[in-house]
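Here the structure comes first, spelled out in C-alpha coordinates, and everything after it is commentary.
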Protein chains: 2
Amino acid sequence: MRHHFSEQLDLVFDELAELCITVQIAVRQATEALLAGDGAAAERVISGDLDVDERRDRIEVRCFRILSLQQPVAGDLRTVVAALRMGSEVERSGDLAVHVAKVARLRMPRTAVPDELIPVVTRMSEIAVDMMGRTASIVAERDIAGLVELRALDDEMDDLRADLLQKIVGPGWTHGVEPAVDLALLSRYYERIGDHAVSVAKRVDYVITGERP
Amino acid sequence: MRHHFSEQLDLVFDELAELCITVQIAVRQATEALLAGDGAAAERVISGDLDVDERRDRIEVRCFRILSLQQPVAGDLRTVVAALRMGSEVERSGDLAVHVAKVARLRMPRTAVPDELIPVVTRMSEIAVDMMGRTASIVAERDIAGLVELRALDDEMDDLRADLLQKIVGPGWTHGVEPAVDLALLSRYYERIGDHAVSVAKRVDYVITGERP
(Lines give C-alpha, C1' and ligand atoms only; values in the text may rest on other atoms or scores of the structure.)
Protein backbone atom coordinates (compact mmCIF):
# COMPACT_ATOMS: atom_id res chain seq x y z
CA MET A 1 0.00 0.00 0.00
CA ARG A 2 2.71 2.39 1.04
CA HIS A 3 4.77 1.40 -1.98
CA HIS A 4 1.77 1.95 -4.24
CA PHE A 5 1.18 5.38 -2.66
CA SER A 6 4.70 6.52 -3.35
CA GLU A 7 4.52 5.33 -6.97
CA GLN A 8 1.26 7.17 -7.50
CA LEU A 9 2.71 10.29 -5.96
CA ASP A 10 5.78 10.11 -8.19
CA LEU A 11 3.47 10.03 -11.19
CA VAL A 12 1.67 13.15 -9.93
CA PHE A 13 4.93 15.05 -9.52
CA ASP A 14 6.15 13.91 -12.94
CA GLU A 15 2.93 15.16 -14.50
CA LEU A 16 3.22 18.44 -12.60
CA ALA A 17 6.77 18.91 -13.90
CA GLU A 18 5.55 18.19 -17.45
CA LEU A 19 2.79 20.75 -16.99
CA CYS A 20 5.42 23.32 -15.97
CA ILE A 21 7.33 22.56 -19.20
CA THR A 22 4.15 22.82 -21.29
CA VAL A 23 3.49 26.24 -19.79
CA GLN A 24 7.14 27.24 -20.19
CA ILE A 25 6.84 26.55 -23.94
CA ALA A 26 3.59 28.54 -24.05
CA VAL A 27 5.29 31.55 -22.41
CA ARG A 28 8.14 31.35 -24.93
CA GLN A 29 5.76 31.12 -27.89
CA ALA A 30 3.55 33.91 -26.58
CA THR A 31 6.63 36.12 -26.37
CA GLU A 32 7.58 35.24 -29.97
CA ALA A 33 4.07 36.19 -30.99
CA LEU A 34 4.45 39.45 -29.10
CA LEU A 35 7.91 40.57 -30.19
CA ALA A 36 8.01 39.14 -33.72
CA GLY A 37 4.31 39.64 -34.51
CA ASP A 38 4.07 35.90 -35.17
CA GLY A 39 0.34 35.24 -35.57
CA ALA A 40 0.70 31.46 -35.84
CA ALA A 41 2.57 31.38 -32.53
CA ALA A 42 -0.22 33.41 -30.89
CA GLU A 43 -2.86 30.97 -32.16
CA ARG A 44 -0.81 27.99 -30.97
CA VAL A 45 -0.67 29.40 -27.45
CA ILE A 46 -4.37 30.28 -27.39
CA SER A 47 -5.58 26.92 -28.72
CA GLY A 48 -2.94 25.06 -26.67
CA ASP A 49 -4.57 26.21 -23.44
CA LEU A 50 -7.00 23.31 -23.75
CA ASP A 51 -4.08 20.89 -23.43
CA VAL A 52 -2.89 22.75 -20.31
CA ASP A 53 -6.36 22.49 -18.78
CA GLU A 54 -6.60 18.79 -19.59
CA ARG A 55 -3.21 18.05 -18.07
CA ARG A 56 -4.26 19.88 -14.90
CA ASP A 57 -7.51 17.87 -14.88
CA ARG A 58 -5.61 14.60 -15.13
CA ILE A 59 -3.42 15.60 -12.19
CA GLU A 60 -6.54 16.44 -10.16
CA VAL A 61 -8.21 13.14 -10.95
CA ARG A 62 -5.05 11.28 -9.93
CA CYS A 63 -4.83 13.23 -6.65
CA PHE A 64 -8.48 12.56 -5.85
CA ARG A 65 -7.99 8.88 -6.56
CA ILE A 66 -5.03 8.82 -4.15
CA LEU A 67 -7.00 10.67 -1.48
CA SER A 68 -10.00 8.36 -1.84
CA LEU A 69 -8.28 5.01 -2.17
CA GLN A 70 -5.20 5.46 -0.01
CA GLN A 71 -6.54 7.91 2.58
CA PRO A 72 -3.13 9.36 3.37
CA VAL A 73 -2.56 11.21 6.66
CA ALA A 74 -0.06 13.77 7.98
CA GLY A 75 2.83 14.43 5.59
CA ASP A 76 1.40 12.30 2.79
CA LEU A 77 -1.93 14.09 2.95
CA ARG A 78 -0.15 17.44 2.94
CA THR A 79 1.79 16.37 -0.15
CA VAL A 80 -1.29 15.38 -2.16
CA VAL A 81 -3.15 18.58 -1.27
CA ALA A 82 -0.04 20.61 -2.14
CA ALA A 83 0.10 18.85 -5.51
CA LEU A 84 -3.53 19.75 -6.20
CA ARG A 85 -2.72 23.39 -5.58
CA MET A 86 0.44 23.34 -7.63
CA GLY A 87 -1.62 22.05 -10.55
CA SER A 88 -3.98 25.03 -10.26
CA GLU A 89 -1.14 27.53 -10.05
CA VAL A 90 0.75 26.19 -13.04
CA GLU A 91 -2.47 26.08 -15.06
CA ARG A 92 -3.07 29.72 -14.09
CA SER A 93 0.38 30.60 -15.47
CA GLY A 94 -0.78 29.02 -18.73
CA ASP A 95 -3.74 31.43 -18.72
CA LEU A 96 -1.30 34.32 -18.32
CA ALA A 97 0.66 33.11 -21.38
CA VAL A 98 -2.66 33.18 -23.24
CA HIS A 99 -3.18 36.79 -22.09
CA VAL A 100 0.23 37.71 -23.55
CA ALA A 101 -0.67 35.97 -26.83
CA LYS A 102 -4.00 37.82 -26.97
CA VAL A 103 -2.32 41.23 -26.55
CA ALA A 104 0.02 40.18 -29.38
CA ARG A 105 -2.92 39.16 -31.60
CA LEU A 106 -4.86 42.34 -30.83
CA ARG A 107 -2.07 44.57 -32.16
CA MET A 108 -1.21 42.56 -35.29
CA PRO A 109 0.08 43.24 -37.91
CA ARG A 110 1.92 45.75 -35.71
CA THR A 111 3.76 44.66 -32.59
CA ALA A 112 2.65 45.91 -29.16
CA VAL A 113 6.14 46.68 -27.84
CA PRO A 114 8.07 49.77 -29.01
CA ASP A 115 11.62 48.93 -30.26
CA GLU A 116 13.45 50.51 -27.36
CA LEU A 117 11.43 48.41 -24.86
CA ILE A 118 12.12 45.09 -26.60
CA PRO A 119 15.22 44.40 -24.46
CA VAL A 120 13.35 44.76 -21.16
CA VAL A 121 10.35 42.71 -22.31
CA THR A 122 12.75 40.09 -23.70
CA ARG A 123 14.50 39.92 -20.35
CA MET A 124 11.22 39.67 -18.41
CA SER A 125 10.08 36.83 -20.67
CA GLU A 126 13.46 35.07 -20.35
CA ILE A 127 13.19 35.26 -16.58
CA ALA A 128 9.63 33.88 -16.66
CA VAL A 129 10.72 31.02 -18.96
CA ASP A 130 13.80 30.32 -16.84
CA MET A 131 11.74 30.37 -13.61
CA MET A 132 9.16 27.96 -15.01
CA GLY A 133 11.97 25.58 -16.07
CA ARG A 134 13.63 25.74 -12.65
CA THR A 135 10.29 25.11 -10.97
CA ALA A 136 9.81 22.06 -13.20
CA SER A 137 13.14 20.68 -11.92
CA ILE A 138 12.31 21.50 -8.30
CA VAL A 139 8.98 19.68 -8.68
CA ALA A 140 10.41 16.68 -10.58
CA GLU A 141 13.26 16.14 -8.13
CA ARG A 142 11.44 17.38 -5.05
CA ASP A 143 14.67 19.22 -4.24
CA ILE A 144 14.38 22.86 -3.27
CA ALA A 145 18.08 23.74 -3.54
CA GLY A 146 17.07 25.88 -6.54
CA LEU A 147 14.69 28.05 -4.51
CA VAL A 148 17.38 30.65 -3.77
CA GLU A 149 18.06 31.34 -7.47
CA LEU A 150 14.34 31.34 -8.12
CA ARG A 151 13.82 34.09 -5.55
CA ALA A 152 16.71 36.09 -7.03
CA LEU A 153 15.11 35.88 -10.48
CA ASP A 154 11.77 36.92 -9.00
CA ASP A 155 13.44 39.98 -7.42
CA GLU A 156 15.03 40.87 -10.78
CA MET A 157 11.60 40.54 -12.41
CA ASP A 158 10.00 42.86 -9.82
CA ASP A 159 12.77 45.44 -10.29
CA LEU A 160 12.45 45.33 -14.08
CA ARG A 161 8.71 45.83 -13.81
CA ALA A 162 9.07 48.76 -11.37
CA ASP A 163 11.62 50.43 -13.70
CA LEU A 164 9.39 49.83 -16.70
CA LEU A 165 6.33 51.36 -14.99
CA GLN A 166 8.45 54.37 -13.99
CA LYS A 167 9.58 54.81 -17.59
CA ILE A 168 6.04 54.49 -18.97
CA VAL A 169 4.65 57.27 -16.79
CA GLY A 170 7.80 59.43 -16.91
CA PRO A 171 8.30 62.65 -18.92
CA GLY A 172 10.49 60.88 -21.51
CA TRP A 173 7.69 58.60 -22.72
CA THR A 174 6.92 59.31 -26.39
CA HIS A 175 4.95 56.25 -27.47
CA GLY A 176 1.51 57.35 -26.36
CA VAL A 177 -1.12 55.62 -24.32
CA GLU A 178 -1.81 52.34 -26.11
CA PRO A 179 1.73 50.88 -25.80
CA ALA A 180 1.82 52.16 -22.21
CA VAL A 181 -1.35 50.26 -21.32
CA ASP A 182 -0.15 47.14 -23.16
CA LEU A 183 3.20 47.20 -21.35
CA ALA A 184 1.62 47.79 -17.94
CA LEU A 185 -0.51 44.67 -18.44
CA LEU A 186 2.14 42.55 -20.19
CA SER A 187 4.67 43.22 -17.45
CA ARG A 188 2.06 42.24 -14.88
CA TYR A 189 1.42 38.95 -16.70
CA TYR A 190 5.13 38.05 -16.74
CA GLU A 191 5.50 39.10 -13.12
CA ARG A 192 2.54 36.90 -12.08
CA ILE A 193 4.01 33.93 -13.94
CA GLY A 194 7.15 34.43 -11.85
CA ASP A 195 5.07 34.70 -8.66
CA HIS A 196 3.33 31.41 -9.45
CA ALA A 197 6.68 29.71 -10.12
CA VAL A 198 7.97 30.80 -6.70
CA SER A 199 4.72 29.79 -5.05
CA VAL A 200 4.84 26.29 -6.56
CA ALA A 201 8.48 25.87 -5.51
CA LYS A 202 7.58 27.00 -1.98
CA ARG A 203 4.91 24.33 -1.86
CA VAL A 204 7.58 21.74 -2.66
CA ASP A 205 9.54 23.19 0.25
CA TYR A 206 6.46 22.79 2.44
CA VAL A 207 6.02 19.20 1.30
CA ILE A 208 9.64 18.44 2.24
CA THR A 209 9.99 20.39 5.46
CA GLY A 210 6.39 20.53 6.71
CA GLU A 211 6.78 24.26 7.35
CA ARG A 212 3.98 26.41 6.00
CA PRO A 213 5.13 28.75 3.23
CA MET B 1 -18.67 10.35 13.06
CA ARG B 2 -20.82 11.36 10.11
CA HIS B 3 -22.63 13.89 12.30
CA HIS B 4 -19.30 15.27 13.51
CA PHE B 5 -18.07 15.55 9.90
CA SER B 6 -21.04 17.57 8.82
CA GLU B 7 -20.69 19.91 11.82
CA GLN B 8 -17.01 20.47 11.04
CA LEU B 9 -17.83 21.13 7.40
CA ASP B 10 -20.52 23.65 8.34
CA LEU B 11 -17.89 25.51 10.36
CA VAL B 12 -15.57 25.59 7.34
CA PHE B 13 -18.28 27.02 5.09
CA ASP B 14 -19.26 29.58 7.73
CA GLU B 15 -15.65 30.70 7.96
CA LEU B 16 -15.36 30.85 4.18
CA ALA B 17 -18.48 33.05 4.01
CA GLU B 18 -17.00 35.31 6.71
CA LEU B 19 -13.78 35.54 4.71
CA CYS B 20 -15.80 36.62 1.67
CA ILE B 21 -17.37 39.40 3.78
CA THR B 22 -13.97 40.47 5.14
CA VAL B 23 -12.68 40.78 1.57
CA GLN B 24 -15.88 42.52 0.47
CA ILE B 25 -15.23 45.20 3.10
CA ALA B 26 -11.61 45.48 1.96
CA VAL B 27 -12.72 46.06 -1.65
CA ARG B 28 -15.14 48.75 -0.51
CA GLN B 29 -12.51 50.50 1.61
CA ALA B 30 -9.88 50.26 -1.12
CA THR B 31 -12.32 51.97 -3.49
CA GLU B 32 -12.94 54.74 -0.94
CA ALA B 33 -9.19 55.17 -0.69
CA LEU B 34 -9.00 55.34 -4.47
CA LEU B 35 -11.88 57.67 -5.28
CA ALA B 36 -11.85 59.91 -2.20
CA GLY B 37 -8.07 59.87 -1.68
CA ASP B 38 -8.70 58.51 1.81
CA GLY B 39 -5.23 57.58 3.10
CA ALA B 40 -6.48 56.01 6.34
CA ALA B 41 -8.74 53.68 4.35
CA ALA B 42 -5.79 52.64 2.16
CA GLU B 43 -3.69 51.81 5.23
CA ARG B 44 -6.56 49.84 6.78
CA VAL B 45 -6.84 47.66 3.69
CA ILE B 46 -3.08 47.13 3.44
CA SER B 47 -2.59 46.25 7.12
CA GLY B 48 -5.86 44.29 7.18
CA ASP B 49 -4.46 41.78 4.70
CA LEU B 50 -2.80 39.97 7.61
CA ASP B 51 -6.27 39.23 9.02
CA VAL B 52 -7.38 37.87 5.63
CA ASP B 53 -4.32 35.60 5.50
CA GLU B 54 -4.90 34.36 9.05
CA ARG B 55 -8.54 33.58 8.36
CA ARG B 56 -7.52 31.61 5.27
CA ASP B 57 -4.90 29.78 7.37
CA ARG B 58 -7.51 28.81 9.97
CA ILE B 59 -9.76 27.41 7.23
CA GLU B 60 -6.85 25.38 5.86
CA VAL B 61 -5.97 23.97 9.27
CA ARG B 62 -9.59 22.97 9.83
CA CYS B 63 -9.78 21.28 6.40
CA PHE B 64 -6.55 19.37 7.03
CA ARG B 65 -7.85 18.24 10.40
CA ILE B 66 -11.03 16.96 8.74
CA LEU B 67 -9.06 15.17 6.03
CA SER B 68 -6.71 13.56 8.57
CA LEU B 69 -9.15 12.59 11.27
CA GLN B 70 -12.29 11.82 9.29
CA GLN B 71 -10.74 10.54 6.04
CA PRO B 72 -13.77 11.46 3.94
CA VAL B 73 -14.31 9.81 0.55
CA ALA B 74 -16.25 10.61 -2.64
CA GLY B 75 -18.53 13.65 -2.29
CA ASP B 76 -17.29 14.55 1.19
CA LEU B 77 -13.68 14.47 0.08
CA ARG B 78 -14.53 16.61 -2.94
CA THR B 79 -16.23 19.12 -0.65
CA VAL B 80 -13.25 19.51 1.68
CA VAL B 81 -10.78 19.91 -1.20
CA ALA B 82 -13.12 22.43 -2.84
CA ALA B 83 -13.25 24.38 0.44
CA LEU B 84 -9.44 24.49 0.57
CA ARG B 85 -9.38 26.01 -2.89
CA MET B 86 -12.15 28.48 -2.19
CA GLY B 87 -10.10 29.73 0.76
CA SER B 88 -7.13 30.41 -1.55
CA GLU B 89 -9.26 32.18 -4.12
CA VAL B 90 -11.00 34.48 -1.66
CA GLU B 91 -7.65 35.29 -0.03
CA ARG B 92 -6.31 36.16 -3.50
CA SER B 93 -9.20 38.60 -3.94
CA GLY B 94 -8.03 40.22 -0.71
CA ASP B 95 -4.59 40.68 -2.30
CA LEU B 96 -6.27 42.40 -5.25
CA ALA B 97 -8.03 44.82 -2.86
CA VAL B 98 -4.57 45.57 -1.45
CA HIS B 99 -3.32 46.29 -5.00
CA VAL B 100 -6.17 48.81 -5.45
CA ALA B 101 -5.29 50.43 -2.10
CA LYS B 102 -1.61 50.65 -3.10
CA VAL B 103 -2.42 52.43 -6.38
CA ALA B 104 -4.55 54.84 -4.31
CA ARG B 105 -1.67 55.43 -1.86
CA LEU B 106 0.88 55.90 -4.64
CA ARG B 107 -1.05 58.81 -6.16
CA MET B 108 -1.96 60.61 -2.92
CA PRO B 109 -2.65 63.45 -2.23
CA ARG B 110 -4.08 63.33 -5.76
CA THR B 111 -6.55 60.66 -6.81
CA ALA B 112 -5.65 58.16 -9.54
CA VAL B 113 -8.99 58.33 -11.39
CA PRO B 114 -9.91 61.33 -13.59
CA ASP B 115 -13.32 62.82 -12.69
CA GLU B 116 -15.09 61.66 -15.83
CA LEU B 117 -14.04 58.04 -15.16
CA ILE B 118 -15.28 58.00 -11.56
CA PRO B 119 -18.73 56.65 -12.57
CA VAL B 120 -17.31 53.63 -14.40
CA VAL B 121 -14.79 52.82 -11.66
CA THR B 122 -17.54 53.25 -9.07
CA ARG B 123 -19.73 50.83 -10.98
CA MET B 124 -16.93 48.27 -11.37
CA SER B 125 -16.22 48.44 -7.64
CA GLU B 126 -19.94 48.14 -6.82
CA ILE B 127 -20.16 45.03 -8.99
CA ALA B 128 -17.08 43.53 -7.29
CA VAL B 129 -18.53 44.28 -3.83
CA ASP B 130 -21.95 42.94 -4.84
CA MET B 131 -20.41 39.78 -6.33
CA MET B 132 -18.35 39.08 -3.23
CA GLY B 133 -21.48 39.47 -1.06
CA ARG B 134 -23.51 37.14 -3.29
CA THR B 135 -20.70 34.60 -3.21
CA ALA B 136 -20.69 34.81 0.59
CA SER B 137 -24.41 33.88 0.60
CA ILE B 138 -23.91 31.07 -1.93
CA VAL B 139 -21.12 29.65 0.25
CA ALA B 140 -22.96 30.09 3.54
CA GLU B 141 -26.17 28.49 2.29
CA ARG B 142 -24.55 26.10 -0.17
CA ASP B 143 -27.30 27.16 -2.55
CA ILE B 144 -26.26 28.10 -6.07
CA ALA B 145 -29.53 29.69 -7.16
CA GLY B 146 -27.63 33.00 -7.15
CA LEU B 147 -25.09 31.80 -9.74
CA VAL B 148 -27.12 33.17 -12.66
CA GLU B 149 -27.09 36.73 -11.32
CA LEU B 150 -23.41 36.36 -10.47
CA ARG B 151 -22.59 35.48 -14.08
CA ALA B 152 -24.66 38.42 -15.33
CA LEU B 153 -22.70 40.77 -13.06
CA ASP B 154 -19.46 39.23 -14.26
CA ASP B 155 -20.49 39.89 -17.88
CA GLU B 156 -21.33 43.50 -17.02
CA MET B 157 -17.88 43.82 -15.40
CA ASP B 158 -16.15 42.45 -18.49
CA ASP B 159 -18.08 44.81 -20.76
CA LEU B 160 -17.28 47.82 -18.57
CA ARG B 161 -13.61 46.91 -18.63
CA ALA B 162 -13.55 46.44 -22.42
CA ASP B 163 -15.25 49.84 -22.89
CA LEU B 164 -12.84 51.47 -20.47
CA LEU B 165 -9.78 50.06 -22.24
CA GLN B 166 -11.19 51.27 -25.59
CA LYS B 167 -11.66 54.75 -24.14
CA ILE B 168 -8.17 54.83 -22.64
CA VAL B 169 -6.42 54.07 -25.93
CA GLY B 170 -8.89 56.02 -28.08
CA PRO B 171 -8.28 59.42 -29.73
CA GLY B 172 -10.46 61.25 -27.18
CA TRP B 173 -8.20 60.41 -24.24
CA THR B 174 -6.77 63.62 -22.76
CA HIS B 175 -5.50 62.50 -19.35
CA GLY B 176 -2.08 61.25 -20.39
CA VAL B 177 -0.28 58.03 -19.69
CA GLU B 178 -0.19 57.72 -15.91
CA PRO B 179 -3.98 57.62 -15.35
CA ALA B 180 -4.26 55.29 -18.37
CA VAL B 181 -1.82 52.82 -16.84
CA ASP B 182 -3.49 53.10 -13.44
CA LEU B 183 -6.93 52.47 -14.93
CA ALA B 184 -5.75 49.53 -17.03
CA LEU B 185 -4.41 47.86 -13.88
CA LEU B 186 -7.25 48.92 -11.55
CA SER B 187 -9.89 47.61 -13.93
CA ARG B 188 -7.98 44.33 -14.15
CA TYR B 189 -7.94 44.05 -10.35
CA TYR B 190 -11.71 44.55 -10.10
CA GLU B 191 -12.31 42.16 -12.97
CA ARG B 192 -10.16 39.48 -11.32
CA ILE B 193 -12.06 39.90 -8.03
CA GLY B 194 -15.24 39.20 -10.01
CA ASP B 195 -13.61 36.16 -11.68
CA HIS B 196 -12.65 34.74 -8.28
CA ALA B 197 -16.20 35.29 -6.98
CA VAL B 198 -17.65 33.31 -9.92
CA SER B 199 -15.01 30.62 -9.53
CA VAL B 200 -15.79 30.16 -5.81
CA ALA B 201 -19.53 29.98 -6.54
CA LYS B 202 -18.87 27.40 -9.27
CA ARG B 203 -16.98 25.30 -6.75
CA VAL B 204 -20.08 25.34 -4.53
CA ASP B 205 -22.01 24.14 -7.58
CA TYR B 206 -19.45 21.35 -8.02
CA VAL B 207 -19.77 20.39 -4.36
CA ILE B 208 -23.56 20.14 -4.71
CA THR B 209 -23.86 18.53 -8.15
CA GLY B 210 -20.56 16.66 -8.45
CA GLU B 211 -20.11 18.10 -11.94
CA ARG B 212 -16.72 19.59 -12.60
CA PRO B 213 -16.82 23.33 -13.23
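FYI, nothing fancy with the C-alpha coordinates labels: chains A, B, ... in order, residues from 1 per chain, ligands from 1 as they appear.
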
Can you work out which residues from chain B touch chain A at a cut-off of 7 Å (counting only C-alpha atoms) and hand them back as a short mmCIF file (atom, residue, chain, number, x, y, z; two decimals) with all heavy atoms, in the first residue's frame?
data_model
loop_
_atom_site.label_atom_id
_atom_site.label_comp_id
_atom_site.auth_asym_id
_atom_site.auth_seq_id
_atom_site.Cartn_x
_atom_site.Cartn_y
_atom_site.Cartn_z
N SER B 68 -7.53 14.51 7.81
CA SER B 68 -6.71 13.56 8.57
C SER B 68 -7.55 12.69 9.49
O SER B 68 -7.36 11.48 9.54
CB SER B 68 -5.73 14.31 9.45
OG SER B 68 -4.61 14.66 8.75
N GLN B 71 -11.01 11.27 7.28
CA GLN B 71 -10.74 10.54 6.04
C GLN B 71 -11.99 10.38 5.17
O GLN B 71 -12.41 9.27 4.85
CB GLN B 71 -10.15 9.18 6.38
CG GLN B 71 -8.95 9.35 7.31
CD GLN B 71 -7.91 8.30 7.11
OE1 GLN B 71 -8.24 7.16 6.85
NE2 GLN B 71 -6.65 8.67 7.21
N VAL B 73 -14.46 10.30 1.93
CA VAL B 73 -14.31 9.81 0.55
C VAL B 73 -15.39 10.43 -0.33
O VAL B 73 -16.28 11.12 0.16
CB VAL B 73 -14.40 8.26 0.46
CG1 VAL B 73 -13.25 7.61 1.18
CG2 VAL B 73 -15.73 7.77 1.02
N ALA B 74 -15.26 10.19 -1.64
CA ALA B 74 -16.25 10.61 -2.64
C ALA B 74 -16.69 12.06 -2.44
O ALA B 74 -15.84 12.95 -2.36
CB ALA B 74 -17.44 9.66 -2.63
N VAL B 169 -7.36 54.04 -24.80
CA VAL B 169 -6.42 54.07 -25.93
C VAL B 169 -7.02 54.79 -27.13
O VAL B 169 -6.38 54.87 -28.19
CB VAL B 169 -5.98 52.63 -26.34
CG1 VAL B 169 -5.31 51.94 -25.17
CG2 VAL B 169 -7.15 51.82 -26.86
N GLY B 176 -3.48 61.67 -20.40
CA GLY B 176 -2.08 61.25 -20.39
C GLY B 176 -1.90 59.80 -19.98
O GLY B 176 -2.87 59.06 -19.81
N VAL B 177 -0.64 59.43 -19.82
CA VAL B 177 -0.28 58.03 -19.69
C VAL B 177 -0.50 57.49 -18.28
O VAL B 177 -1.00 56.38 -18.11
CB VAL B 177 1.19 57.83 -20.13
CG1 VAL B 177 1.64 56.41 -19.85
CG2 VAL B 177 1.36 58.16 -21.61
N GLU B 178 -0.13 58.26 -17.27
CA GLU B 178 -0.19 57.72 -15.91
C GLU B 178 -1.60 57.27 -15.51
O GLU B 178 -1.76 56.12 -15.06
CB GLU B 178 0.36 58.73 -14.90
CG GLU B 178 0.55 58.12 -13.52
CD GLU B 178 1.14 59.14 -12.55
OE1 GLU B 178 2.38 59.26 -12.55
OE2 GLU B 178 0.38 59.81 -11.83
N ALA B 180 -3.91 56.41 -17.48
CA ALA B 180 -4.26 55.29 -18.37
C ALA B 180 -3.72 53.98 -17.82
O ALA B 180 -4.43 52.97 -17.75
CB ALA B 180 -3.70 55.55 -19.78
N VAL B 181 -2.45 54.02 -17.40
CA VAL B 181 -1.82 52.82 -16.84
C VAL B 181 -2.53 52.41 -15.54
O VAL B 181 -2.84 51.23 -15.32
CB VAL B 181 -0.31 53.07 -16.60
CG1 VAL B 181 0.29 51.98 -15.73
CG2 VAL B 181 0.42 53.16 -17.94
N ALA B 184 -5.88 50.86 -16.42
CA ALA B 184 -5.75 49.53 -17.03
C ALA B 184 -5.54 48.48 -15.93
O ALA B 184 -6.13 47.41 -15.96
CB ALA B 184 -4.59 49.51 -18.02
N LEU B 185 -4.69 48.82 -14.96
CA LEU B 185 -4.41 47.86 -13.88
C LEU B 185 -5.59 47.77 -12.91
O LEU B 185 -6.01 46.68 -12.53
CB LEU B 185 -3.13 48.25 -13.15
CG LEU B 185 -1.85 48.10 -14.01
CD1 LEU B 185 -0.64 48.68 -13.28
CD2 LEU B 185 -1.59 46.64 -14.38
#

Here atom CA of Val139 of chain B and atom CA of Cys20 of chain B stand apart by 8.9 Å

- Message: Please compute the atom CA of Met132 of chain B-atom CA of Ala17 of chain B distance, one decimal, in Å.
- Response: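 Value for the atom CA of Met132 of chain B-atom CA of Ala17 of chain B distance: 9.4 Å.
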
Write out as a ChimeraX atom specification the residues lying within 9 Å of Leu19 of chain A, counting only C-alpha atoms and excluding same-chain residues fewer than 5 positions away. /A:14,24,52,55-56,87,90-91,136
